[in-house]
Amino acid sequence: MTSTHCSPAGPTAHPTGTTCTIVPPYILEALATSDEPALATHAREALRHDEQLRASRRTPTARPTGRRAPRRDDVAGAHGTGPHRTIFDAKGTQTTPGTQVRAEGGAPTGDIAVNEAYDGLGATWELWSTAYSRDSLDGKGMPLLASVHYGRNYDNAFWDGSQMVFGDGDGVIFERFTKSLDVIGHELAHGVTEHTAGLLYQGQSGALNESVSDVFGVLVKQKALGQSAAEADWLVGPDLLNPSVKGRALRDMRNPGTAYDDPRLGKDPQPADMAHYVDTQDDNGGVHINSGIPNRAFVLAAEAIGGNAWEGAGAIWYAVLSGDGIKADCDFATFAGLTVAAAGTTHGDGSSQQDAVRSAWEQVGVLTAGAQTPVGTGGTGGSGSSAGTGGTTPSRPAPHGGTTPSPDAQVLLRRTGGFAGQVRERRMALGELPERDARDWTHLLAAPTLQRIAASTERSHPDAFVYSVVCDEVGCDITIQEPHLPEAIHSLFERTLADPQD
């Protein structure tokens, strides 16, 4: 696989939002190469929409951009405690929020997606409120908004920094995205992270960002079902996969790397320990891949502590997430040390709970048995060893002098990232492209446009797709997150990645 240089994406002078999707890009990218035309088309459309949505995002956390996050005062009658839910119907468009179809306290409708979204938002609010005394995502009663029926056969669900958005799935690989309660909980947990630790969405801090969402997503489900840690299945998105898929879920927190093995999706790429850490520039440094390591650590800790995971390990993880010790660029070892310290603070140094947490991190190779636990050392999002993909790695703007590429110029276009983490790429000579695309590529590579976009977008965004363009003839090696691409360039990239026979 070709190495690329991951460009941080998106600075602004004030907090802005991030789009966080549930399906990793590596899954959608695998589906986009399917020999089933409808399936490939739906996957490419999902990738394109996800990338467009992120174009307005300018930070690595999920703080709202464009329109601000809703406040309690925005919703008529939204006073006092309790969730303040509003469900909208996008009616197959890609415009949000859409038409309001159910408000807080309203009766169920005849639309199952509307009712699932409403109930899922309520279950999520219930976990944060009763388990952690947190009043909604921001701790200040933030209204919970959701749009259903987004796009046509849209293969994703996402948190855009102000609300949830659900697609209906393609019906071949993915079912409707309101169907899986832990998915709803996962995406809304990104909203909690944005208002607490603000974990940078790159490398190890980004993998922690994803893992935190998986953790609290499954805890929403476990609490709603009344399941103990021992009774839980620890699967993320088990209800999303169509029965035709050879797999159990999108991710298996107890056994990372075993969730699916399907001819269309590929094999689950998550590692279970640091010995198998994936050092990659793809997917913002493997945020959806390496999250398997802290995921497994949480399960090991939760099962060792016993009882309800939201009361045991979950409370320890929340204390770290919302505490003062965590920094936005926190790496695995620092996070592990913070959880060990939090377990000691809550249950006492040398307690069985603290031993369980320490042992869990040792079993996945983040901590070494007998070594001093690192606490409060900050972090760079990486470990500095083979796991050192954290932090933000700037792309290398080409020393562009306006050179016009020849028709024989070789170009590598690569797309990574996204919730499912699927990789899609194409290597081609400009001369083999359709005349219009060849002309557009020639103009694009001869101008400093890509370099300027990369230079102006300094931070990464959760679950965003990432495009890399390499053309040695003109000295171009650029990586840009999809949210920052103008529509014309994005369309060119998508046409180029599409199967030439489509």
# chains A, B, ... in the order shown; residues from 1 in each chain; ligands from 1
$ residues_around --residues "Val172 of chain A" --least-positions-apart "5" --cutoff "9 Å" --atoms "only C-alpha atoms" --output "CSV table (one decimal) with all heavy atoms, in the first residue's frame"
chain,number,residue,atom,x,y,z
A,39,LEU,N,-25.1,-1.7,-5.2
A,39,LEU,CA,-24.3,-1.7,-3.9
A,39,LEU,C,-23.2,-0.7,-4.0
A,39,LEU,O,-22.9,0.1,-3.2
A,39,LEU,CB,-23.8,-3.1,-3.5
A,39,LEU,CG,-23.1,-3.2,-2.2
A,39,LEU,CD1,-23.9,-2.7,-1.1
A,39,LEU,CD2,-22.7,-4.6,-2.0
A,241,LEU,N,-26.1,-4.9,10.1
A,241,LEU,CA,-25.7,-5.8,9.0
A,241,LEU,C,-26.8,-6.6,8.5
A,241,LEU,O,-27.6,-7.3,9.2
A,241,LEU,CB,-24.5,-6.7,9.4
A,241,LEU,CG,-23.2,-6.0,9.8
A,241,LEU,CD1,-22.1,-7.1,10.1
A,241,LEU,CD2,-22.7,-5.0,8.7
A,242,ASN,N,-27.0,-6.7,7.1
A,242,ASN,CA,-28.0,-7.5,6.5
A,242,ASN,C,-27.7,-9.0,6.7
A,242,ASN,O,-26.5,-9.3,6.9
A,242,ASN,CB,-28.0,-7.2,5.0
A,242,ASN,CG,-29.1,-7.9,4.2
A,242,ASN,OD1,-28.9,-9.0,3.8
A,242,ASN,ND2,-30.2,-7.2,4.0
A,243,PRO,N,-28.7,-9.8,6.8
A,243,PRO,CA,-28.4,-11.2,7.1
A,243,PRO,C,-27.5,-11.9,6.0
A,243,PRO,O,-26.9,-12.9,6.3
A,243,PRO,CB,-29.8,-11.9,7.0
A,243,PRO,CG,-30.7,-10.8,7.4
A,243,PRO,CD,-30.1,-9.5,6.8
A,244,SER,N,-27.3,-11.3,4.9
A,244,SER,CA,-26.5,-11.8,3.8
A,244,SER,C,-25.0,-11.6,4.1
A,244,SER,O,-24.1,-12.3,3.5
A,244,SER,CB,-26.8,-11.2,2.5
A,244,SER,OG,-26.4,-9.8,2.4
A,245,VAL,N,-24.7,-10.7,5.1
A,245,VAL,CA,-23.3,-10.4,5.4
A,245,VAL,C,-22.7,-11.5,6.3
A,245,VAL,O,-23.3,-11.9,7.3
A,245,VAL,CB,-23.2,-9.0,6.1
A,245,VAL,CG1,-21.7,-8.7,6.5
A,245,VAL,CG2,-23.7,-8.0,5.1
$ residues_around --residues "Val148 of chain A" --least-positions-apart "6" --cutoff "7 Å" --atoms "only C-alpha atoms" --output "PyMOL selection string"
chain A and resi 88-90+113-114+165-167
$ residues_around --residues "Leu413 of chain A" --least-positions-apart "3" --cutoff "10 Å" --atoms "only C-alpha atoms" --output "list in words"
Gln410, Arg424, Glu425, Arg426, Arg427, Met428, Tyr467, Ser468, Val469, Val470, Cys471, Ile478, Thr479, Phe493, Glu494, Thr496 and Leu497 of chain A
$ write_last_selection --atoms "N, CA and C atoms" --output "PDB file, in the first residue's frame"
ATOM      1  N   GLN A 410       1.693   9.832 -14.093  1.00  0.00           N
ATOM      2  CA  GLN A 410       1.007   8.864 -13.247  1.00  0.00           C
ATOM      3  C   GLN A 410       0.468   9.557 -11.998  1.00  0.00           C
ATOM      4  N   ARG A 424     -10.086   2.978  -0.755  1.00  0.00           N
ATOM      5  CA  ARG A 424     -10.370   2.920  -2.191  1.00  0.00           C
ATOM      6  C   ARG A 424      -9.304   3.750  -2.886  1.00  0.00           C
ATOM      7  N   GLU A 425      -8.709   3.212  -3.937  1.00  0.00           N
ATOM      8  CA  GLU A 425      -7.663   3.955  -4.615  1.00  0.00           C
ATOM      9  C   GLU A 425      -7.640   3.613  -6.096  1.00  0.00           C
ATOM     10  N   ARG A 426      -7.008   4.484  -6.854  1.00  0.00           N
ATOM     11  CA  ARG A 426      -6.826   4.241  -8.275  1.00  0.00           C
ATOM     12  C   ARG A 426      -5.519   4.886  -8.712  1.00  0.00           C
ATOM     13  N   ARG A 427      -4.734   4.136  -9.451  1.00  0.00           N
ATOM     14  CA  ARG A 427      -3.516   4.664 -10.057  1.00  0.00           C
ATOM     15  C   ARG A 427      -3.733   4.695 -11.565  1.00  0.00           C
ATOM     16  N   MET A 428      -3.489   5.845 -12.175  1.00  0.00           N
ATOM     17  CA  MET A 428      -3.773   5.953 -13.604  1.00  0.00           C
ATOM     18  C   MET A 428      -2.870   6.992 -14.245  1.00  0.00           C
ATOM     19  N   TYR A 467      -8.718  12.227   1.258  1.00  0.00           N
ATOM     20  CA  TYR A 467      -8.188  11.986  -0.080  1.00  0.00           C
ATOM     21  C   TYR A 467      -6.696  12.289  -0.104  1.00  0.00           C
ATOM     22  N   SER A 468      -5.925  11.416  -0.733  1.00  0.00           N
ATOM     23  CA  SER A 468      -4.511  11.661  -0.963  1.00  0.00           C
ATOM     24  C   SER A 468      -4.260  11.669  -2.469  1.00  0.00           C
ATOM     25  N   VAL A 469      -3.483  12.630  -2.923  1.00  0.00           N
ATOM     26  CA  VAL A 469      -3.139  12.753  -4.337  1.00  0.00           C
ATOM     27  C   VAL A 469      -1.618  12.767  -4.457  1.00  0.00           C
ATOM     28  N   VAL A 470      -1.083  11.844  -5.227  1.00  0.00           N
ATOM     29  CA  VAL A 470       0.357  11.777  -5.456  1.00  0.00           C
ATOM     30  C   VAL A 470       0.621  11.793  -6.955  1.00  0.00           C
ATOM     31  N   CYS A 471       1.428  12.745  -7.391  1.00  0.00           N
ATOM     32  CA  CYS A 471       1.864  12.810  -8.789  1.00  0.00           C
ATOM     33  C   CYS A 471       3.328  13.229  -8.785  1.00  0.00           C
ATOM     34  N   ILE A 478      -0.181  15.256  -1.526  1.00  0.00           N
ATOM     35  CA  ILE A 478      -1.094  16.048  -0.705  1.00  0.00           C
ATOM     36  C   ILE A 478      -2.182  15.167  -0.123  1.00  0.00           C
ATOM     37  N   THR A 479      -2.550  15.420   1.115  1.00  0.00           N
ATOM     38  CA  THR A 479      -3.675  14.737   1.749  1.00  0.00           C
ATOM     39  C   THR A 479      -4.626  15.783   2.315  1.00  0.00           C
ATOM     40  N   PHE A 493     -12.752  13.842  -8.045  1.00  0.00           N
ATOM     41  CA  PHE A 493     -12.155  12.716  -7.336  1.00  0.00           C
ATOM     42  C   PHE A 493     -13.090  11.505  -7.350  1.00  0.00           C
ATOM     43  N   GLU A 494     -14.370  11.737  -7.107  1.00  0.00           N
ATOM     44  CA  GLU A 494     -15.315  10.627  -7.075  1.00  0.00           C
ATOM     45  C   GLU A 494     -15.481   9.989  -8.454  1.00  0.00           C
ATOM     46  N   THR A 496     -13.242   9.847 -10.707  1.00  0.00           N
ATOM     47  CA  THR A 496     -12.001   9.143 -10.973  1.00  0.00           C
ATOM     48  C   THR A 496     -11.952   7.818 -10.229  1.00  0.00           C
ATOM     49  N   LEU A 497     -12.463   7.777  -9.009  1.00  0.00           N
ATOM     50  CA  LEU A 497     -12.442   6.553  -8.227  1.00  0.00           C
ATOM     51  C   LEU A 497     -13.500   5.546  -8.665  1.00  0.00           C
TER      52      LEU A 497
END
$ residues_around --residues "Tyr132 of chain A" --least-positions-apart "4" --cutoff "8 Å" --atoms "only C-alpha atoms" --output "compact mmCIF listing (two decimals) with all heavy atoms, in the first residue's frame"
# COMPACT_ATOMS: atom_id res chain seq x y z
N LEU A 127 -28.86 7.17 30.09
CA LEU A 127 -27.58 6.70 30.60
C LEU A 127 -26.78 7.85 31.19
O LEU A 127 -26.31 7.77 32.33
CB LEU A 127 -26.76 6.04 29.48
CG LEU A 127 -25.32 5.70 29.92
CD1 LEU A 127 -25.29 4.46 30.77
CD2 LEU A 127 -24.39 5.58 28.72
N TRP A 128 -26.61 8.91 30.42
CA TRP A 128 -25.78 10.01 30.89
C TRP A 128 -26.37 10.66 32.14
O TRP A 128 -25.64 11.07 33.05
CB TRP A 128 -25.60 11.06 29.79
CG TRP A 128 -24.76 10.55 28.64
CD1 TRP A 128 -25.18 10.20 27.40
CD2 TRP A 128 -23.34 10.32 28.66
NE1 TRP A 128 -24.13 9.75 26.63
CE2 TRP A 128 -22.99 9.82 27.38
CE3 TRP A 128 -22.34 10.47 29.61
CZ2 TRP A 128 -21.67 9.49 27.04
CZ3 TRP A 128 -21.04 10.14 29.28
CH2 TRP A 128 -20.71 9.65 28.02
N ALA A 315 -17.91 4.24 34.88
CA ALA A 315 -17.78 5.40 35.76
C ALA A 315 -16.32 5.86 35.83
O ALA A 315 -16.03 7.07 35.90
CB ALA A 315 -18.29 5.06 37.16
N TYR A 318 -15.57 7.60 32.51
CA TYR A 318 -16.20 8.92 32.46
C TYR A 318 -15.46 9.92 33.34
O TYR A 318 -15.32 11.09 32.97
CB TYR A 318 -17.67 8.84 32.89
CG TYR A 318 -18.33 10.20 32.91
CD1 TYR A 318 -18.54 10.90 31.73
CD2 TYR A 318 -18.70 10.79 34.12
CE1 TYR A 318 -19.13 12.16 31.74
CE2 TYR A 318 -19.29 12.05 34.13
CZ TYR A 318 -19.50 12.73 32.94
OH TYR A 318 -20.07 13.99 32.95
$ residues_around --residues "Gly292 of chain A" --least-positions-apart "5" --cutoff "12 Å" --atoms "only C-alpha atoms" --output "MDAnalysis selection string"
chainID A and resid 204 207:215 234:236 250:259 268:274 276:278 286:287 297:299 332 364
$ closest_residue --among "A:Thr346, A:Ala301, A:Lys327, A:Val466" --to "Gln363 of chain A" --atoms "only C-alpha atoms"
A:Ala301
$ closest_residue --among "A:Ala336, A:Leu225, A:Ala249, A:Ala454" --to "Leu367 of chain A" --atoms "only C-alpha atoms"
A:Ala336
$ atom_distance --atom1 "atom CA of Lys179 of chain A" --atom2 "atom CA of Ser34 of chain A"
24.3 Å
$ residues_around --residues "segment 81-83 of chain A" --least-positions-apart "5" --cutoff "7 Å" --atoms "only C-alpha atoms" --output "NGL selection string"
:A and (122 or 125 or 143)
$ closest_residue --among "A:Gly185, A:Gly350, A:Gly247, A:Gly307" --to "Gly226 of chain A" --atoms "only C-alpha atoms"
A:Gly307
$ select_by_dssp --residues "segment 223-351 of chain A" --states "helix (DSSP H, G or I)" --output "PyMOL selection string"
chain A and resi 223-225+274-276+282-286+292-305+313-321+332-347
$ atom_distance --atom1 "atom CA of Ala117 of chain A" --atom2 "atom CA of Val218 of chain A"
16.0 Å
$ atom_distance --atom1 "atom CA of His195 of chain A" --atom2 "atom CA of Ile87 of chain A"
22.5 Å
$ closest_residue --among "A:His288, A:His490, A:Arg102, A:Lys267" --to "Ser205 of chain A" --atoms "only C-alpha atoms"
A:His288
$ closest_residue --among "A:Arg176, A:Leu200, A:Tyr154, A:Thr403" --to "Ile112 of chain A" --atoms "only C-alpha atoms"
A:Arg176
